[in-house]
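Visitor: Sharing structure_37.cif below, mmCIF, C-alpha atoms:
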data_coords
#
loop_
_atom_site.label_atom_id
_atom_site.label_comp_id
_atom_site.auth_asym_id
_atom_site.auth_seq_id
_atom_site.Cartn_x
_atom_site.Cartn_y
_atom_site.Cartn_z
CA MET Y 1 -22.18 55.70 41.52
CA THR Y 2 -20.11 58.84 41.92
CA LEU Y 3 -17.66 60.30 39.43
CA GLU Y 4 -14.85 59.40 41.81
CA ARG Y 5 -15.99 55.77 41.93
CA PHE Y 6 -16.27 55.74 38.13
CA LYS Y 7 -12.70 57.02 37.80
CA LYS Y 8 -11.46 54.40 40.24
CA LEU Y 9 -13.19 51.60 38.34
CA THR Y 10 -11.74 52.89 35.07
CA GLU Y 11 -8.27 52.72 36.59
CA ILE Y 12 -8.98 49.09 37.54
CA TYR Y 13 -10.78 47.74 34.47
CA GLY Y 14 -9.77 50.14 31.72
CA ALA Y 15 -11.79 52.20 29.28
CA ASN Y 16 -13.63 49.37 27.57
CA LEU Y 17 -16.88 49.20 29.50
CA GLN Y 18 -17.63 45.79 28.00
CA SER Y 19 -14.83 44.33 30.10
CA TRP Y 20 -16.23 45.78 33.31
CA PRO Y 21 -18.12 43.55 35.73
CA LYS Y 22 -21.81 43.62 34.88
CA GLN Y 23 -22.94 45.07 38.20
CA HIS Y 24 -20.70 48.11 37.69
CA ARG Y 25 -21.84 48.59 34.10
CA ASN Y 26 -25.42 48.74 35.26
CA GLU Y 27 -24.58 51.57 37.63
CA ILE Y 28 -23.15 53.79 34.91
CA ASN Y 29 -26.38 54.62 33.08
CA GLN Y 30 -27.71 56.98 35.70
CA LEU Y 31 -24.37 58.74 36.07
CA SER Y 32 -23.93 59.17 32.33
CA GLU Y 33 -27.20 61.10 32.04
CA THR Y 34 -25.85 63.92 34.18
CA ASN Y 35 -22.07 63.68 33.73
CA PHE Y 36 -21.55 62.48 30.19
CA ALA Y 37 -18.68 64.87 29.34
CA GLN Y 38 -16.72 64.01 32.48
CA LEU Y 39 -17.18 60.28 31.92
CA ARG Y 40 -15.96 60.69 28.33
CA GLU Y 41 -12.86 62.53 29.52
CA ILE Y 42 -12.00 59.86 32.09
CA LEU Y 43 -12.50 57.09 29.54
CA ASP Y 44 -10.42 58.85 26.87
CA SER Y 45 -7.54 59.25 29.28
CA GLU Y 46 -7.56 55.57 30.25
CA ALA Y 47 -8.04 54.49 26.63
CA LYS Y 48 -4.47 55.64 25.90
CA LEU Y 49 -3.14 53.02 28.25
CA ASP Y 50 -5.51 50.40 26.82
CA ALA Y 51 -4.24 51.16 23.32
CA LEU Y 52 -0.67 50.60 24.51
CA LEU Y 53 -1.58 47.35 26.25
CA ASP Y 54 -3.39 46.20 23.12
CA SER Y 55 -0.29 46.87 21.03
CA HIS Y 56 1.40 43.95 22.76
CA ARG Y 57 0.77 41.28 20.16
CA ILE Y 58 1.85 37.68 20.52
CA MET Y 59 2.98 35.82 17.43
CA PRO Y 60 0.68 32.85 16.84
CA PRO Y 61 2.15 29.36 17.36
CA ASP Y 62 3.62 27.74 14.26
CA ARG Y 63 2.19 24.70 12.51
CA ALA Y 64 5.05 22.39 13.49
CA PHE Y 65 4.45 23.05 17.18
CA PHE Y 66 0.71 22.50 16.69
CA ASP Y 67 1.38 19.15 15.01
CA GLN Y 68 3.85 18.18 17.72
CA LEU Y 69 1.22 18.77 20.43
CA VAL Y 70 -1.45 16.87 18.50
CA ALA Y 71 0.97 13.96 18.14
CA SER Y 72 1.68 14.04 21.89
CA ALA Y 73 -1.94 13.18 22.71
CA PRO Y 74 -2.57 9.62 23.88
CA GLN Y 75 -3.43 7.42 20.94
CA ALA Y 76 -6.33 5.67 22.65
CA THR Y 77 -7.71 4.56 19.30
CA ARG Y 78 -4.56 2.62 18.66
CA LYS Y 79 -4.91 1.04 22.08
CA HIS Y 80 -8.42 0.00 21.16
CA GLU Y 81 -7.10 -1.28 17.87
CA ARG Y 82 -4.39 -3.23 19.70
CA SER Y 83 -7.06 -4.66 22.01
CA TRP Y 84 -9.15 -5.52 18.98
CA TYR Y 85 -6.23 -7.23 17.29
CA TRP Y 86 -5.43 -9.07 20.49
CA LEU Y 87 -9.02 -10.17 20.93
CA THR Y 88 -9.22 -11.09 17.26
CA GLY Y 89 -6.08 -13.18 17.60
CA VAL Y 90 -7.46 -14.92 20.64
CA SER Y 91 -10.74 -15.49 18.81
CA PHE Y 92 -8.99 -17.00 15.80
CA ALA Y 93 -6.84 -19.13 18.06
CA GLY Y 94 -9.98 -20.20 19.92
CA ILE Y 95 -11.78 -21.01 16.69
CA GLY Y 96 -8.71 -22.89 15.46
CA LEU Y 97 -8.45 -24.82 18.68
CA ALA Y 98 -12.15 -25.59 18.66
CA SER Y 99 -11.92 -26.75 15.04
CA ALA Y 100 -8.92 -28.92 15.82
CA LEU Y 101 -10.71 -30.44 18.79
CA ALA Y 102 -13.84 -30.99 16.72
CA GLY Y 103 -11.75 -32.55 13.95
CA ALA Y 104 -9.95 -34.76 16.42
CA PHE Y 105 -13.26 -35.71 17.92
CA CYS Y 106 -14.64 -36.64 14.50
CA ILE Y 107 -11.56 -38.65 13.70
CA SER Y 108 -11.75 -40.40 17.03
CA LEU Y 109 -15.43 -41.11 16.36
CA CYS Y 110 -14.53 -42.46 12.96
CA ILE Y 111 -11.77 -44.50 14.43
CA SER Y 112 -14.07 -45.70 17.20
CA ALA Y 113 -16.70 -46.51 14.63
CA LEU Y 114 -14.16 -48.29 12.52
CA MET Y 115 -12.80 -50.05 15.58
CA THR Y 116 -16.24 -51.41 16.19
CA GLN Y 117 -16.22 -52.92 12.73
CA PRO Y 118 -16.02 -56.67 12.67
CA ALA Y 119 -12.49 -57.84 13.17
CA GLU Y 120 -12.39 -59.32 9.78
CA GLY Y 121 -12.97 -55.82 8.34
CA THR Y 122 -11.94 -54.68 4.93
CA GLY Y 123 -8.56 -53.22 5.81
CA THR Y 124 -9.88 -49.73 5.39
CA THR Y 125 -8.61 -48.69 8.80
CA SER Y 126 -5.09 -49.66 8.00
CA GLU Y 127 -5.32 -47.88 4.69
CA LEU Y 128 -6.65 -44.78 6.34
CA ILE Y 129 -3.98 -44.77 9.01
CA ASP Y 130 -1.29 -45.36 6.52
CA PHE Y 131 -2.57 -42.55 4.36
CA GLU Y 132 -2.62 -40.13 7.34
CA HIS Y 133 0.87 -41.17 8.28
CA GLU Y 134 2.09 -40.45 4.80
CA TRP Y 135 0.29 -37.09 4.73
CA ILE Y 136 1.94 -36.01 8.00
CA ALA Y 137 5.28 -37.25 6.82
CA SER Y 138 4.99 -35.44 3.56
CA MET Z 139 -28.01 29.18 36.62
CA ILE Z 140 -25.33 26.66 35.65
CA GLU Z 141 -22.96 28.06 33.05
CA LEU Z 142 -22.14 25.62 30.29
CA ASP Z 143 -18.51 24.72 29.83
CA PRO Z 144 -17.77 25.05 26.10
CA ASP Z 145 -14.80 22.69 26.32
CA ALA Z 146 -16.39 19.90 28.32
CA ASP Z 147 -17.73 17.96 25.34
CA LEU Z 148 -14.25 17.61 23.84
CA LEU Z 149 -12.71 15.88 26.84
CA PRO Z 150 -14.36 12.44 26.65
CA ARG Z 151 -13.67 12.41 22.92
CA ILE Z 152 -10.02 13.25 23.58
CA ALA Z 153 -9.84 10.42 26.11
CA LYS Z 154 -10.99 8.05 23.35
CA GLY Z 155 -8.20 9.36 21.13
CA GLU Z 156 -10.52 11.06 18.65
CA GLN Z 157 -8.19 13.04 16.41
CA SER Z 158 -10.70 15.75 15.49
CA ALA Z 159 -11.30 16.52 19.18
CA ILE Z 160 -7.56 16.57 19.94
CA ARG Z 161 -6.91 18.96 17.05
CA GLU Z 162 -9.80 21.18 18.07
CA MET Z 163 -8.56 21.39 21.65
CA VAL Z 164 -5.04 22.33 20.54
CA ALA Z 165 -6.41 24.91 18.09
CA ARG Z 166 -8.60 26.46 20.79
CA LYS Z 167 -6.13 26.50 23.65
CA LEU Z 168 -2.63 26.76 22.22
CA PRO Z 169 -2.85 30.47 21.32
CA ARG Z 170 -4.25 31.24 24.80
CA LEU Z 171 -1.51 29.27 26.51
CA ILE Z 172 1.25 30.86 24.44
CA ALA Z 173 -0.17 34.33 25.15
CA LEU Z 174 -0.35 33.59 28.87
CA GLY Z 175 3.19 32.20 28.95
CA MET Z 176 4.63 35.04 26.89
CA ARG Z 177 3.04 37.74 29.02
CA MET Z 178 3.96 36.06 32.28
CA LEU Z 179 7.49 35.03 31.32
CA ASN Z 180 8.44 37.20 28.30
CA ASP Z 181 10.25 34.27 26.69
CA ARG Z 182 8.99 32.28 23.71
CA GLY Z 183 10.83 29.07 24.60
CA ASP Z 184 9.51 29.13 28.15
CA ALA Z 185 6.00 29.90 26.90
CA GLU Z 186 6.15 26.87 24.58
CA ASP Z 187 7.41 24.70 27.45
CA ILE Z 188 4.42 25.83 29.51
CA ALA Z 189 2.03 25.03 26.65
CA GLN Z 190 3.58 21.62 26.06
CA GLU Z 191 3.52 20.62 29.71
CA THR Z 192 -0.05 21.90 30.12
CA PHE Z 193 -1.20 19.80 27.18
CA MET Z 194 0.44 16.73 28.73
CA ARG Z 195 -1.70 17.35 31.83
CA ILE Z 196 -4.78 17.85 29.66
CA TRP Z 197 -4.24 14.53 27.88
CA LYS Z 198 -3.66 12.82 31.21
CA HIS Z 199 -6.81 14.13 32.88
CA ALA Z 200 -9.20 14.22 29.90
CA GLY Z 201 -10.75 10.87 30.79
CA GLU Z 202 -11.32 11.80 34.43
CA TRP Z 203 -12.89 15.21 33.82
CA GLU Z 204 -16.14 15.76 35.67
CA THR Z 205 -18.42 18.53 34.49
CA GLY Z 206 -20.10 20.72 37.07
CA GLN Z 207 -16.90 21.56 38.91
CA ALA Z 208 -14.44 24.20 37.69
CA LYS Z 209 -14.59 25.27 34.09
CA PHE Z 210 -12.00 23.46 32.02
CA ASP Z 211 -10.39 26.72 30.82
CA THR Z 212 -10.03 27.90 34.44
CA TRP Z 213 -8.44 24.59 35.48
CA MET Z 214 -6.09 24.76 32.49
CA HIS Z 215 -5.01 28.28 33.44
CA ARG Z 216 -4.37 27.16 37.02
CA VAL Z 217 -2.09 24.41 35.71
CA ALA Z 218 -0.30 26.79 33.35
CA LEU Z 219 0.11 29.48 36.01
CA ASN Z 220 1.65 26.98 38.43
CA LEU Z 221 4.11 26.04 35.70
CA CYS Z 222 4.85 29.74 35.09
CA TYR Z 223 5.57 30.15 38.80
CA ASP Z 224 7.94 27.18 38.67
CA LYS Z 225 9.83 28.89 35.84
CA LEU Z 226 9.94 32.17 37.76
CA ARG Z 227 11.33 30.38 40.83
CA ILE Z 228 14.05 28.82 38.68
CA ARG Z 229 14.87 32.33 37.45
CA GLN Z 230 14.87 33.36 41.12
CA GLU Z 231 12.27 36.04 40.53
CA PRO Z 232 10.27 36.83 43.67
CA VAL Z 233 6.90 35.23 42.91
CA GLU Z 234 5.00 36.12 46.06
CA ASP Z 235 6.61 39.49 46.75
CA ASP Z 236 3.99 42.15 46.28
CA THR Z 237 5.55 44.82 48.42
CA VAL Z 238 6.50 46.93 45.40
CA ASP Z 239 3.61 49.29 45.04
CA GLN Z 240 4.98 51.68 42.50
CA ILE Z 241 7.83 51.16 40.07
CA ASP Z 242 10.30 54.01 39.77
CA PRO Z 243 10.98 54.41 36.03
CA ASP Z 244 14.27 56.13 36.81
CA LEU Z 245 15.56 52.78 37.99
CA ILE Z 246 15.00 51.25 34.57
CA PRO Z 247 17.99 51.80 32.27
CA GLU Z 248 16.80 54.09 29.50
CA ASP Z 249 17.99 51.84 26.70
CA ARG Z 250 15.86 49.00 28.04
CA LEU Z 251 12.71 50.81 26.97
CA ALA Z 252 13.76 53.35 24.39
CA HIS Z 253 14.50 52.35 20.80
CA ARG Z 254 12.25 49.31 21.00
CA GLN Z 255 9.14 48.53 19.05
CA GLN Z 256 6.07 49.56 21.00
CA SER Z 257 4.98 45.94 21.49
CA ASP Z 258 8.40 45.09 22.92
CA GLN Z 259 8.22 48.10 25.21
CA VAL Z 260 4.91 46.87 26.60
CA ALA Z 261 6.32 43.36 26.97
CA PHE Z 262 9.30 44.70 28.86
CA ALA Z 263 7.15 46.91 31.07
CA LEU Z 264 4.94 43.90 31.84
CA SER Z 265 8.01 41.91 32.82
CA MET Z 266 8.98 44.69 35.23
CA LEU Z 267 5.70 44.46 37.14
CA PRO Z 268 5.67 42.57 40.43
CA THR Z 269 4.52 39.05 39.62
CA ARG Z 270 1.10 39.20 41.29
CA GLN Z 271 0.27 42.52 39.59
CA ARG Z 272 1.34 41.05 36.26
CA GLU Z 273 -0.73 37.93 36.85
CA ALA Z 274 -3.83 39.99 37.69
CA LEU Z 275 -3.46 42.16 34.59
CA VAL Z 276 -2.75 39.22 32.31
CA LEU Z 277 -5.73 37.21 33.54
CA GLN Z 278 -8.28 40.02 33.63
CA TYR Z 279 -7.18 42.19 30.71
CA TYR Z 280 -5.45 39.89 28.25
CA GLN Z 281 -7.00 36.47 28.97
CA GLU Z 282 -10.38 38.15 29.49
CA PHE Z 283 -11.41 36.39 32.68
CA SER Z 284 -14.14 38.03 34.72
CA ASN Z 285 -13.02 39.63 37.96
CA SER Z 286 -14.45 36.77 40.04
CA GLU Z 287 -12.82 34.12 37.82
CA ALA Z 288 -9.44 35.87 37.95
CA ALA Z 289 -9.71 36.31 41.72
CA ASN Z 290 -10.63 32.65 42.07
CA LEU Z 291 -7.65 31.61 39.95
CA MET Z 292 -5.35 33.70 42.11
CA ASN Z 293 -6.95 32.54 45.37
CA ILE Z 294 -7.69 36.10 46.43
CA SER Z 295 -10.80 38.21 46.98
CA VAL Z 296 -12.23 40.43 44.26
CA ASP Z 297 -11.22 43.46 46.34
CA ALA Z 298 -7.62 42.22 46.44
CA LEU Z 299 -7.72 41.60 42.69
CA GLU Z 300 -8.98 45.12 42.06
CA SER Z 301 -6.18 46.51 44.19
CA LEU Z 302 -3.60 44.54 42.16
CA LEU Z 303 -5.17 45.64 38.88
CA SER Z 304 -5.20 49.26 39.91
CA ARG Z 305 -1.53 49.16 40.89
CA ALA Z 306 -0.58 47.18 37.79
CA ARG Z 307 -2.22 49.69 35.46
CA ARG Z 308 -0.73 52.63 37.36
CA ASN Z 309 2.73 51.11 37.02
CA MET Z 310 2.24 50.42 33.34
CA ARG Z 311 1.07 53.99 32.84
CA THR Z 312 4.11 55.31 34.71
CA MET Z 313 6.55 53.20 32.72
CA LEU Z 314 4.99 53.61 29.31
CA ILE Z 315 3.36 57.05 29.24
CA GLU Z 316 4.50 59.32 32.02
CA SER Z 317 8.16 58.38 31.67
CA GLY Z 318 7.96 59.50 28.05
CA PHE Z 319 9.26 56.26 26.57
CA VAL Z 320 6.06 55.94 24.63
CA LYS Z 321 4.20 58.97 23.43
CA GLY Z 322 0.70 58.50 24.78
#
Could I get this structure in the form of structure tokens?

Guide:
Amino acid sequence: MTLERFKKLTEIYGANLQSWPKQHRNEINQLSETNFAQLREILDSEAKLDALLDSHRIMPPDRAFFDQLVASAPQATRKHERSWYWLTGVSFAGIGLASALAGAFCISLCISALMTQPAEGTGTTSELIDFEHEWIAS
Amino acid sequence: MIELDPDADLLPRIAKGEQSAIREMVARKLPRLIALGMRMLNDRGDAEDIAQETFMRIWKHAGEWETGQAKFDTWMHRVALNLCYDKLRIRQEPVEDDTVDQIDPDLIPEDRLAHRQQSDQVAFALSMLPTRQREALVLQYYQEFSNSEAANLMNISVDALESLLSRARRNMRTMLIESGFVKG
């Protein structure tokens, strides 16, 4: 690297060598051994502009804006929760329906069993039916 | 060697609505987006609009993000820069015009630079740069992208980026130091 090339790169990337592309940084070592004072002068001159650029500070965002952005994110968890509630509802409805069907089946079995009782029976069927009728009515 | 994307692990968590990941993403990226918007547009309200709209895109695409392609931060800057350009077009500022090589400080009314705080003077000088020069300086110097990343973001070669950077810095030097508005 020549001094001229070094000056040109300083005018592109500034005086902070850390912000230079790595391949250019690696080239500086050899040059600095023989031209240290000139390199220092070039860097000092460009550092004035860097200091001015660095003085441009941006006020950090306020908390209310931060919260607003966080709240704007999709609430996927709530969607999952909604799905869970929906599935839970379906499950309960399914369980309820299954129970009702099982109950109805039992009753029908009972009734069938009772129906197979000898015709003379004990009147239990009538009592049962009457009781159920009253229960529904009440 | 594949460079790890430090933001990639947050995205699937954001897609699941994990609050800690959402908060971390906003904490990491909001200051960068505001800084980008402010330096490109020199207007706080516009910068916040850019940040808000960029986050909407982030939320939308978090679940589809595929690692191994562009870095998330680079993609986010591309989105934000496009939004900045939309704002500049609305303002009718020439976004692609890069014919202005050197700014003549005599054409800037003296009171626009003098009597301001130094930070405001720099902000104003930045706003006077041709858009592509400003973009190059903002990405490489302020947002700390490497030269190849900044060139990639701007869809130009590294040589073209270096040319823009050189002219941008020369113009800033002319406006801020050589014109005497700021004592260097």

Visitor: For chain Z, work out the contacting residues on chain Y at 8 Å, counting all atoms listed in the file, and write them as a PDB file with C-alpha atoms, keeping the file's coordinate frame.

Guide:
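In the end it all went to result.pdb:
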ATOM      1  CA  GLU Y  11      -8.270  52.720  36.590  1.00  0.00           C
ATOM      2  CA  ILE Y  12      -8.980  49.090  37.540  1.00  0.00           C
ATOM      3  CA  TYR Y  13     -10.780  47.740  34.470  1.00  0.00           C
ATOM      4  CA  SER Y  19     -14.830  44.330  30.100  1.00  0.00           C
ATOM      5  CA  PRO Y  21     -18.120  43.550  35.730  1.00  0.00           C
ATOM      6  CA  LYS Y  48      -4.470  55.640  25.900  1.00  0.00           C
ATOM      7  CA  LEU Y  49      -3.140  53.020  28.250  1.00  0.00           C
ATOM      8  CA  LEU Y  52      -0.670  50.600  24.510  1.00  0.00           C
ATOM      9  CA  LEU Y  53      -1.580  47.350  26.250  1.00  0.00           C
ATOM     10  CA  SER Y  55      -0.290  46.870  21.030  1.00  0.00           C
ATOM     11  CA  HIS Y  56       1.400  43.950  22.760  1.00  0.00           C
ATOM     12  CA  ARG Y  57       0.770  41.280  20.160  1.00  0.00           C
ATOM     13  CA  ILE Y  58       1.850  37.680  20.520  1.00  0.00           C
ATOM     14  CA  PRO Y  60       0.680  32.850  16.840  1.00  0.00           C
ATOM     15  CA  PRO Y  61       2.150  29.360  17.360  1.00  0.00           C
ATOM     16  CA  PHE Y  66       0.710  22.500  16.690  1.00  0.00           C
ATOM     17  CA  LEU Y  69       1.220  18.770  20.430  1.00  0.00           C
ATOM     18  CA  VAL Y  70      -1.450  16.870  18.500  1.00  0.00           C
ATOM     19  CA  SER Y  72       1.680  14.040  21.890  1.00  0.00           C
ATOM     20  CA  ALA Y  73      -1.940  13.180  22.710  1.00  0.00           C
ATOM     21  CA  PRO Y  74      -2.570   9.620  23.880  1.00  0.00           C
ATOM     22  CA  GLN Y  75      -3.430   7.420  20.940  1.00  0.00           C
ATOM     23  CA  ALA Y  76      -6.330   5.670  22.650  1.00  0.00           C
ATOM     24  CA  THR Y  77      -7.710   4.560  19.300  1.00  0.00           C
TER      25      THR Y  77
END

Visitor: What gap, in Å, lies between atom CA of Ile42 of chain Y and atom CA of Thr10 of chain Y?

Guide: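 For atom CA of Ile42 of chain Y relative to atom CA of Thr10 of chain Y, the distance reads 7.6 Å.
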
Visitor: Between atom CA of Asp297 of chain Z and atom CA of Asn16 of chain Y, what is the distance in Å, rounded to a tenth?

Guide: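 Those two atoms sit 19.8 Å apart.
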
Visitor: Using Å and a single decimal, report how far atom CA of Ala289 of chain Z sits from atom CA of Glu27 of chain Y.

Guide: 21.7 Å

Visitor: Let me make sure I understand: among Z:Ala208, Z:Ile188, Z:Met178, Z:Ala274, which one has the smallest atom-to-atom distance to Phe262 of chain Z if we use all atoms listed in the file?

Guide: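 Going through Z:Ala208, Z:Ile188, Z:Met178, Z:Ala274 one by one, the smallest distance to Phe262 of chain Z is for Z:Met178.
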
Visitor: Identify, on the basis of all atoms listed in the file, every residue whose closest approach to Arg25 of chain Y does not exceed 12 Å; exclude the query and any residue fewer than 3 positions from it along the same chain; express the result as a short mmCIF file (atom, residue, chain, number, x, y, z; two decimals) with C-alpha atoms, in the coordinates of the input.

Guide:
data_model
loop_
_atom_site.label_atom_id
_atom_site.label_comp_id
_atom_site.auth_asym_id
_atom_site.auth_seq_id
_atom_site.Cartn_x
_atom_site.Cartn_y
_atom_site.Cartn_z
CA MET Y 1 -22.18 55.70 41.52
CA PHE Y 6 -16.27 55.74 38.13
CA LEU Y 9 -13.19 51.60 38.34
CA THR Y 10 -11.74 52.89 35.07
CA TYR Y 13 -10.78 47.74 34.47
CA ALA Y 15 -11.79 52.20 29.28
CA ASN Y 16 -13.63 49.37 27.57
CA LEU Y 17 -16.88 49.20 29.50
CA GLN Y 18 -17.63 45.79 28.00
CA SER Y 19 -14.83 44.33 30.10
CA TRP Y 20 -16.23 45.78 33.31
CA PRO Y 21 -18.12 43.55 35.73
CA LYS Y 22 -21.81 43.62 34.88
CA ILE Y 28 -23.15 53.79 34.91
CA ASN Y 29 -26.38 54.62 33.08
CA GLN Y 30 -27.71 56.98 35.70
CA LEU Y 31 -24.37 58.74 36.07
CA SER Y 32 -23.93 59.17 32.33
#

Visitor: Using all atoms of segment 3-13 of chain Y that appear in the file, construct an axis-aligned enclosing box with 6 Å of padding on every side and provide its centre coordinates and edge lengths in Å, rounded to one decimal, as JSON.

Guide:
{"center_x": -13.0, "center_y": 54.0, "center_z": 38.2, "size_x": 21.4, "size_y": 24.6, "size_z": 19.5}

Visitor: Skipping near chain neighbours, those fewer than 6 positions away, what residues fall within 12 Å of Thr205 of chain Z using all atoms listed in the file, listed as a ChimeraX atom specification?

Guide: /Z:140-150,213

Visitor: Considering all atoms listed in the file, can you say which of Z:Met313, Z:Ala200, Z:Val276, Z:Ala298 comes closest to His215 of chain Z?

Guide: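 Distance minimum relative to His215 of chain Z lands on Z:Val276.
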
Visitor: Output requested as a PDB file, in the frame of the given file - segment 143-154 of chain Z, filled out with N, CA, C and O atoms.

Guide:
ATOM      1  N   ASP Z 143     -19.947  24.686  30.096  1.00  0.00           N
ATOM      2  CA  ASP Z 143     -18.510  24.720  29.830  1.00  0.00           C
ATOM      3  C   ASP Z 143     -18.301  24.359  28.352  1.00  0.00           C
ATOM      4  O   ASP Z 143     -18.567  23.220  27.948  1.00  0.00           O
ATOM      5  N   PRO Z 144     -17.851  25.310  27.546  1.00  0.00           N
ATOM      6  CA  PRO Z 144     -17.770  25.050  26.100  1.00  0.00           C
ATOM      7  C   PRO Z 144     -16.733  23.995  25.719  1.00  0.00           C
ATOM      8  O   PRO Z 144     -16.749  23.492  24.599  1.00  0.00           O
ATOM      9  N   ASP Z 145     -15.847  23.664  26.651  1.00  0.00           N
ATOM     10  CA  ASP Z 145     -14.800  22.690  26.320  1.00  0.00           C
ATOM     11  C   ASP Z 145     -15.130  21.280  26.809  1.00  0.00           C
ATOM     12  O   ASP Z 145     -14.453  20.318  26.432  1.00  0.00           O
ATOM     13  N   ALA Z 146     -16.147  21.175  27.637  1.00  0.00           N
ATOM     14  CA  ALA Z 146     -16.390  19.900  28.320  1.00  0.00           C
ATOM     15  C   ALA Z 146     -16.685  18.746  27.358  1.00  0.00           C
ATOM     16  O   ALA Z 146     -16.280  17.614  27.621  1.00  0.00           O
ATOM     17  N   ASP Z 147     -17.368  19.057  26.251  1.00  0.00           N
ATOM     18  CA  ASP Z 147     -17.730  17.960  25.340  1.00  0.00           C
ATOM     19  C   ASP Z 147     -16.527  17.359  24.620  1.00  0.00           C
ATOM     20  O   ASP Z 147     -16.585  16.236  24.133  1.00  0.00           O
ATOM     21  N   LEU Z 148     -15.438  18.130  24.548  1.00  0.00           N
ATOM     22  CA  LEU Z 148     -14.250  17.610  23.840  1.00  0.00           C
ATOM     23  C   LEU Z 148     -13.505  16.561  24.677  1.00  0.00           C
ATOM     24  O   LEU Z 148     -12.866  15.676  24.116  1.00  0.00           O
ATOM     25  N   LEU Z 149     -13.593  16.677  25.985  1.00  0.00           N
ATOM     26  CA  LEU Z 149     -12.710  15.880  26.840  1.00  0.00           C
ATOM     27  C   LEU Z 149     -12.935  14.360  26.740  1.00  0.00           C
ATOM     28  O   LEU Z 149     -11.973  13.616  26.580  1.00  0.00           O
ATOM     29  N   PRO Z 150     -14.188  13.892  26.810  1.00  0.00           N
ATOM     30  CA  PRO Z 150     -14.360  12.440  26.650  1.00  0.00           C
ATOM     31  C   PRO Z 150     -13.937  11.949  25.273  1.00  0.00           C
ATOM     32  O   PRO Z 150     -13.443  10.819  25.139  1.00  0.00           O
ATOM     33  N   ARG Z 151     -14.098  12.805  24.279  1.00  0.00           N
ATOM     34  CA  ARG Z 151     -13.670  12.410  22.920  1.00  0.00           C
ATOM     35  C   ARG Z 151     -12.154  12.337  22.834  1.00  0.00           C
ATOM     36  O   ARG Z 151     -11.590  11.481  22.158  1.00  0.00           O
ATOM     37  N   ILE Z 152     -11.496  13.270  23.545  1.00  0.00           N
ATOM     38  CA  ILE Z 152     -10.020  13.250  23.580  1.00  0.00           C
ATOM     39  C   ILE Z 152      -9.545  11.970  24.282  1.00  0.00           C
ATOM     40  O   ILE Z 152      -8.607  11.313  23.836  1.00  0.00           O
ATOM     41  N   ALA Z 153     -10.232  11.620  25.364  1.00  0.00           N
ATOM     42  CA  ALA Z 153      -9.840  10.420  26.110  1.00  0.00           C
ATOM     43  C   ALA Z 153      -9.946   9.162  25.237  1.00  0.00           C
ATOM     44  O   ALA Z 153      -9.217   8.198  25.449  1.00  0.00           O
ATOM     45  N   LYS Z 154     -10.853   9.205  24.259  1.00  0.00           N
ATOM     46  CA  LYS Z 154     -10.990   8.050  23.350  1.00  0.00           C
ATOM     47  C   LYS Z 154      -9.989   8.129  22.194  1.00  0.00           C
ATOM     48  O   LYS Z 154      -9.975   7.261  21.326  1.00  0.00           O
TER      49      LYS Z 154
END
